[in-house]
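Novice: Structure file start35.cif, mmCIF, C-alpha atoms and all ligand atoms, is pasted below:
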```cif
data_structure
loop_
_atom_site.label_atom_id
_atom_site.label_comp_id
_atom_site.auth_asym_id
_atom_site.auth_seq_id
_atom_site.Cartn_x
_atom_site.Cartn_y
_atom_site.Cartn_z
CA MET Z 1 0.41 -2.06 -10.38
CA ARG Z 2 0.81 -0.62 -6.93
CA ILE Z 3 3.90 -2.27 -5.45
CA LEU Z 4 5.24 -2.15 -1.91
CA VAL Z 5 9.00 -2.72 -1.65
CA VAL Z 6 10.21 -3.72 1.83
CA GLU Z 7 14.00 -3.58 1.87
CA ASP Z 8 16.34 -2.20 4.54
CA GLU Z 9 19.33 -1.63 2.27
CA ARG Z 10 18.67 1.84 1.00
CA ARG Z 11 20.70 1.44 -2.20
CA MET Z 12 18.83 -1.71 -3.14
CA ALA Z 13 15.50 -0.15 -2.16
CA ASN Z 14 16.15 2.87 -4.38
CA LEU Z 15 17.30 0.68 -7.26
CA LEU Z 16 14.13 -1.43 -7.05
CA ALA Z 17 11.89 1.62 -6.73
CA ARG Z 18 13.46 3.24 -9.76
CA ALA Z 19 13.37 0.11 -11.94
CA LEU Z 20 9.76 -0.69 -11.06
CA GLY Z 21 8.80 2.96 -11.48
CA GLU Z 22 10.29 2.95 -14.97
CA GLU Z 23 8.07 -0.02 -15.80
CA GLY Z 24 5.10 2.16 -14.95
CA HIS Z 25 4.39 0.85 -11.46
CA GLN Z 26 3.50 3.01 -8.51
CA VAL Z 27 6.04 2.12 -5.81
CA VAL Z 28 6.01 2.68 -2.06
CA VAL Z 29 9.18 1.80 -0.12
CA ALA Z 30 9.39 0.66 3.51
CA LEU Z 31 12.85 0.37 5.08
CA ASN Z 32 12.06 -2.17 7.81
CA GLY Z 33 9.72 -5.07 8.44
CA LEU Z 34 7.41 -3.46 10.96
CA GLU Z 35 6.88 -0.40 8.80
CA GLY Z 36 6.33 -2.65 5.77
CA PHE Z 37 3.71 -4.62 7.67
CA GLU Z 38 1.95 -1.44 8.88
CA ILE Z 39 1.85 0.03 5.37
CA ALA Z 40 0.73 -3.27 3.81
CA ARG Z 41 -2.19 -3.62 6.19
CA SER Z 42 -3.34 -0.01 5.89
CA ALA Z 43 -3.39 0.23 2.08
CA ALA Z 44 -3.97 -2.14 -0.82
CA PHE Z 45 -1.11 -3.27 -3.07
CA ASP Z 46 -1.00 -5.54 -6.10
CA LEU Z 47 2.37 -6.96 -5.11
CA ILE Z 48 4.81 -6.85 -2.22
CA VAL Z 49 8.53 -7.28 -2.94
CA LEU Z 50 9.75 -8.39 0.45
CA ASP Z 51 13.36 -8.79 1.52
CA GLY Z 52 13.75 -11.84 3.76
CA MET Z 53 16.55 -10.38 5.87
CA LEU Z 54 15.24 -7.33 7.67
CA PRO Z 55 16.11 -5.91 11.09
CA GLY Z 56 13.41 -6.42 13.72
CA MET Z 57 10.51 -8.19 12.02
CA ASP Z 58 12.04 -10.20 9.17
CA GLY Z 59 10.43 -10.93 5.83
CA VAL Z 60 9.14 -14.34 6.88
CA ALA Z 61 7.40 -12.80 9.90
CA VAL Z 62 5.91 -10.01 7.77
CA ALA Z 63 4.53 -12.53 5.25
CA ARG Z 64 3.16 -14.78 7.97
CA ARG Z 65 1.42 -11.92 9.78
CA LEU Z 66 -0.16 -10.65 6.56
CA ARG Z 67 -1.45 -14.14 5.72
CA GLU Z 68 -2.81 -14.49 9.25
CA ARG Z 69 -4.83 -11.37 8.54
CA HIS Z 70 -6.14 -13.06 5.35
CA ASP Z 71 -4.23 -10.58 3.23
CA ARG Z 72 -3.64 -12.43 -0.07
CA THR Z 73 -1.50 -9.78 -1.75
CA PRO Z 74 1.08 -11.65 -3.87
CA ILE Z 75 4.52 -11.62 -2.22
CA LEU Z 76 7.82 -11.96 -4.05
CA MET Z 77 10.43 -12.70 -1.42
CA LEU Z 78 14.10 -11.87 -1.80
CA THR Z 79 16.26 -14.44 -0.04
CA ALA Z 80 19.92 -13.98 0.77
CA ARG Z 81 21.04 -17.58 0.49
CA ASP Z 82 20.09 -20.14 -2.06
CA THR Z 83 19.57 -22.94 0.43
CA SER Z 84 16.45 -25.02 0.22
CA ALA Z 85 15.77 -24.47 3.94
CA ASP Z 86 15.56 -20.69 3.43
CA ILE Z 87 13.40 -21.02 0.35
CA VAL Z 88 11.04 -23.47 2.04
CA ARG Z 89 10.80 -21.18 5.06
CA GLY Z 90 9.93 -18.26 2.79
CA LEU Z 91 7.31 -20.14 0.80
CA ASP Z 92 5.84 -21.70 3.97
CA SER Z 93 5.33 -18.23 5.41
CA GLY Z 94 3.01 -17.39 2.54
CA ALA Z 95 5.32 -15.91 -0.10
CA ASP Z 96 4.19 -16.74 -3.66
CA ASP Z 97 7.60 -16.69 -5.26
CA TYR Z 98 11.21 -16.04 -4.33
CA LEU Z 99 14.35 -14.68 -5.86
CA THR Z 100 17.86 -15.32 -4.54
CA LYS Z 101 20.19 -12.38 -4.05
CA PRO Z 102 22.13 -11.30 -6.00
CA PHE Z 103 19.67 -11.27 -8.87
CA SER Z 104 19.58 -9.46 -12.17
CA LEU Z 105 17.09 -6.65 -12.47
CA ALA Z 106 15.78 -8.18 -15.71
CA VAL Z 107 14.91 -11.41 -13.87
CA LEU Z 108 13.18 -9.50 -11.09
CA LEU Z 109 11.08 -7.54 -13.59
CA ALA Z 110 10.17 -10.76 -15.39
CA ARG Z 111 9.03 -12.30 -12.09
CA VAL Z 112 6.97 -9.20 -11.32
CA ARG Z 113 5.27 -9.47 -14.70
CA ALA Z 114 4.61 -13.17 -14.06
CA VAL Z 115 2.98 -12.40 -10.71
CA SER Z 116 0.77 -9.77 -12.31
CA ARG Z 117 -0.23 -12.19 -15.11
CA ARG Z 118 -1.04 -15.00 -12.71
CA GLY Z 119 -3.54 -12.64 -11.22
CA ALA Z 120 -3.29 -14.20 -7.77
CA ILE Z 121 -4.93 -10.98 -6.76
CA PRO Z 122 -8.35 -11.64 -5.32
CA ARG Z 123 -11.07 -9.24 -6.27
CA LEU Z 124 -11.28 -6.88 -3.36
CA PRO Z 125 -14.68 -6.00 -2.00
CA PHE Z 126 -15.65 -2.40 -2.52
CA LEU Z 127 -15.45 0.04 0.35
CA GLU Z 128 -18.45 2.06 1.37
CA VAL Z 129 -18.88 4.86 3.90
CA GLY Z 130 -22.27 6.54 3.79
CA ASP Z 131 -22.95 7.28 0.12
CA LEU Z 132 -19.23 7.33 -0.72
CA ARG Z 133 -18.17 4.21 -2.55
CA LEU Z 134 -14.76 3.03 -3.77
CA ASP Z 135 -14.12 -0.06 -5.86
CA PRO Z 136 -10.47 -1.16 -5.47
CA ALA Z 137 -10.74 -3.47 -8.50
CA THR Z 138 -11.67 -0.72 -10.94
CA ARG Z 139 -10.43 2.25 -8.86
CA ARG Z 140 -13.81 3.85 -9.46
CA VAL Z 141 -15.08 6.26 -6.85
CA THR Z 142 -18.64 7.54 -6.59
CA ARG Z 143 -20.35 9.86 -4.16
CA HIS Z 144 -24.11 9.82 -4.09
CA GLY Z 145 -23.99 7.70 -7.26
CA GLU Z 146 -21.98 10.35 -9.17
CA ALA Z 147 -18.54 9.34 -10.51
CA VAL Z 148 -15.66 11.28 -8.97
CA SER Z 149 -12.42 11.70 -10.90
CA LEU Z 150 -9.31 11.54 -8.72
CA THR Z 151 -5.58 11.67 -9.41
CA PRO Z 152 -3.69 8.46 -8.43
CA ARG Z 153 -2.42 10.12 -5.25
CA GLU Z 154 -5.83 11.46 -4.25
CA TYR Z 155 -7.20 7.99 -4.86
CA SER Z 156 -4.53 6.39 -2.62
CA LEU Z 157 -5.24 8.93 0.10
CA LEU Z 158 -8.98 8.30 -0.06
CA GLU Z 159 -8.51 4.53 -0.09
CA LEU Z 160 -6.27 4.73 2.98
CA LEU Z 161 -8.85 6.83 4.85
CA MET Z 162 -11.71 4.53 3.80
CA ARG Z 163 -9.86 1.36 4.80
CA ASN Z 164 -9.42 2.92 8.22
CA ALA Z 165 -12.92 4.40 8.39
CA GLY Z 166 -13.86 5.40 11.94
CA ARG Z 167 -10.21 5.54 13.02
CA THR Z 168 -7.84 8.48 13.05
CA VAL Z 169 -5.10 8.08 10.44
CA THR Z 170 -2.03 10.00 11.55
CA ARG Z 171 -0.25 12.42 9.27
CA GLY Z 172 2.86 10.24 9.51
CA THR Z 173 0.98 7.16 8.32
CA ILE Z 174 -0.53 9.12 5.43
CA LEU Z 175 2.84 10.50 4.34
CA ASP Z 176 4.49 7.05 4.56
CA SER Z 177 1.66 5.19 2.83
CA VAL Z 178 0.73 7.63 0.10
CA TRP Z 179 4.04 9.34 -0.64
CA GLY Z 180 6.40 6.58 0.50
CA PHE Z 181 8.77 6.41 3.40
CA GLY Z 182 11.37 9.16 3.45
CA ALA Z 183 9.67 11.23 0.75
CA SER Z 184 10.26 14.93 1.32
CA VAL Z 185 6.71 16.14 1.64
CA ASN Z 186 5.80 18.86 4.07
CA GLU Z 187 2.56 18.95 5.97
CA ASN Z 188 1.23 21.89 3.94
CA THR Z 189 1.33 19.65 0.88
CA LEU Z 190 -0.74 17.10 2.74
CA GLU Z 191 -3.26 19.79 3.70
CA VAL Z 192 -3.51 20.87 0.08
CA PHE Z 193 -4.22 17.28 -0.96
CA ILE Z 194 -6.82 16.85 1.76
CA GLY Z 195 -8.39 20.12 0.60
CA GLN Z 196 -8.56 18.87 -3.00
CA LEU Z 197 -10.01 15.57 -1.87
CA ARG Z 198 -12.65 17.38 0.17
CA THR Z 199 -13.61 19.53 -2.80
CA LYS Z 200 -14.00 16.47 -5.00
CA VAL Z 201 -15.69 13.93 -2.72
CA ASP Z 202 -16.92 15.89 0.26
CA GLY Z 203 -18.56 18.93 -1.28
CA CYS Z 204 -22.00 17.79 -0.14
CA GLU Z 205 -23.59 16.85 3.18
CA PRO Z 206 -22.94 14.94 5.31
CA LYS Z 207 -19.23 15.75 5.62
CA LEU Z 208 -17.22 12.55 5.86
CA ILE Z 209 -13.60 13.74 6.11
CA HIS Z 210 -12.80 15.19 9.53
CA THR Z 211 -9.63 16.84 10.80
CA VAL Z 212 -8.41 15.48 14.12
CA ARG Z 213 -6.51 18.46 15.46
CA GLY Z 214 -2.84 17.75 16.13
CA ALA Z 215 -3.17 14.13 15.02
CA GLY Z 216 -4.42 13.49 11.53
CA TYR Z 217 -7.61 12.77 9.66
CA LEU Z 218 -10.64 10.60 10.14
CA LEU Z 219 -13.22 9.49 7.62
CA GLU Z 220 -16.58 8.49 8.98
CA GLU Z 221 -20.27 9.04 8.66
CA PRO Z 222 -21.40 11.48 11.34
CA LYS Z 223 -23.41 9.87 14.10
CA GLU Z 224 -26.75 11.52 14.79
CA CA N 1 18.15 -6.92 3.94
#
```
So, in terms of structure tokens, how does the structure I just supplied come out?
Ligand code: CA

Specialist:
Amino acid sequence: MRILVVEDERRMANLLARALGEEGHQVVVALNGLEGFEIARSAAFDLIVLDGMLPGMDGVAVARRLRERHDRTPILMLTARDTSADIVRGLDSGADDYLTKPFSLAVLLARVRAVSRRGAIPRLPFLEVGDLRLDPATRRVTRHGEAVSLTPREYSLLELLMRNAGRTVTRGTILDSVWGFGASVNENTLEVFIGQLRTKVDGCEPKLIHTVRGAGYLLEEPKE
């Protein structure tokens, strides 16, 4: 699964990312609520592990804002205190499940498996720009009806651009969403990935991926 971990305590965030990564999940970490919200709304995840206590926008606010946007991504909320008021507040905000800190890693992983089994994940509609089509449910990408084979990272990059079709996606947003916050990736690496993506999905006319000089990238069908 693709999992977004929103946790401001770096040690805990790293621990979660490593443990979930070892279970075979693809993990993106956000270190505050606002960043978590921005990443969650710009890319698709199968699960969000959301700390309740975050500086700025707290976990309850993040969950509520995502639900207001009709984002039904399952949310596992981490609550600091085991009081019923906190738990009710978390679940009322739209979280699907909660875990009280401190928790054992084994319990967290079991809860993550339970969420994935419950399949609360709605089938996402496919994305289409011109003759480029991406199906988030099967991760299948076609251009002009021909299947395109992408690496997981190329796929994430393309999905991010397609979800924001017609809008410039900044380099910073791409690095945070596709590589994860704080990943040491330089901009040349990003250019290489964009180049590979262009070769694979944009080798024919019309060109869909456009460079917005000094800002980022934009995917859209050219207007006549
Ligand atoms: Ca916290």

Novice: Grab me every residue within 7 Å of ligand CA 1 (chain N), counting all atoms listed in the file, and send it over as a PyMOL selection string.

Specialist: chain Z and resi 7-9+51-54

Novice: Would you please work out which residue, of Z:Ile87, Z:Val115, Z:Leu175, Z:Leu132, is nearest to Thr73 (chain Z) when using all atoms listed in the file?

Specialist: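 Nearest candidate to Thr73 (chain Z) out of Z:Ile87, Z:Val115, Z:Leu175, Z:Leu132: Z:Val115.
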
Novice: Report as a tab-separated table the residues of region 49-168 of chain Z within 6 Å of region 203-223 of chain Z, each with its shortest atom pair and distance in Å (one decimal), using only C-alpha atoms, ordered by chain and increasing residue number.

Specialist:
```
residue	atom	partner	partner_atom	distance
Z:Gly130	CA	Z:Glu221	CA	5.8
Z:Leu161	CA	Z:Leu219	CA	5.8
Z:Ala165	CA	Z:Leu219	CA	5.2
Z:Gly166	CA	Z:Glu220	CA	5.1
Z:Arg167	CA	Z:Leu218	CA	5.8
Z:Thr168	CA	Z:Leu218	CA	4.6
```

Novice: Quick one: which region 11-107 of chain Z residues come within 12 Å of region 176-179 of chain Z, and what is the nearest atom pair for each with the distance in Å to one decimal, counting all atoms listed in the file, rows ordered by chain and ascending number, as a tab-separated table?

Specialist:
```
residue	atom	partner	partner_atom	distance
Z:Gln26	CA	Z:Trp179	CA	10.1
Z:Val27	CA	Z:Trp179	CA	9.1
Z:Val28	CA	Z:Ser177	CA	7.0
Z:Val29	CA	Z:Asp176	CA	8.5
Z:Ala30	CA	Z:Asp176	CA	8.1
Z:Leu31	CA	Z:Asp176	CA	10.7
Z:Glu35	CA	Z:Asp176	CA	8.9
Z:Gly36	CA	Z:Ser177	CA	9.6
Z:Phe37	CA	Z:Ser177	CA	11.1
Z:Glu38	CA	Z:Ser177	CA	9.0
Z:Ile39	CA	Z:Ser177	CA	5.8
Z:Ala40	CA	Z:Ser177	CA	8.6
Z:Arg41	CA	Z:Ser177	CA	10.2
Z:Ser42	CA	Z:Ser177	CA	7.8
Z:Ala43	CA	Z:Ser177	CA	7.1
Z:Ala44	CA	Z:Ser177	CA	9.9
Z:Phe45	CA	Z:Ser177	CA	10.7
```

Novice: Might you pull out every residue within 12 Å of Gly21 (chain Z), with only C-alpha atoms counted and same-chain residues fewer than 4 positions away left off, and present them as an mmCIF file with C-alpha atoms, in the coordinates of the input?

Specialist:
```cif
data_model
loop_
_atom_site.group_PDB
_atom_site.id
_atom_site.type_symbol
_atom_site.label_atom_id
_atom_site.label_comp_id
_atom_site.auth_asym_id
_atom_site.auth_seq_id
_atom_site.Cartn_x
_atom_site.Cartn_y
_atom_site.Cartn_z
ATOM 1 C CA MET Z 1 0.410 -2.060 -10.380
ATOM 2 C CA ARG Z 2 0.810 -0.620 -6.930
ATOM 3 C CA ILE Z 3 3.900 -2.270 -5.450
ATOM 4 C CA LEU Z 4 5.240 -2.150 -1.910
ATOM 5 C CA VAL Z 5 9.000 -2.720 -1.650
ATOM 6 C CA ALA Z 13 15.500 -0.150 -2.160
ATOM 7 C CA ASN Z 14 16.150 2.870 -4.380
ATOM 8 C CA LEU Z 15 17.300 0.680 -7.260
ATOM 9 C CA LEU Z 16 14.130 -1.430 -7.050
ATOM 10 C CA ALA Z 17 11.890 1.620 -6.730
ATOM 11 C CA HIS Z 25 4.390 0.850 -11.460
ATOM 12 C CA GLN Z 26 3.500 3.010 -8.510
ATOM 13 C CA VAL Z 27 6.040 2.120 -5.810
ATOM 14 C CA VAL Z 28 6.010 2.680 -2.060
ATOM 15 C CA VAL Z 29 9.180 1.800 -0.120
ATOM 16 C CA LEU Z 109 11.080 -7.540 -13.590
#
```

Novice: Between CA of Tyr155 (chain Z) and CA of Arg140 (chain Z), what is the distance in Å, rounded to a tenth?

Specialist: 9.1 Å
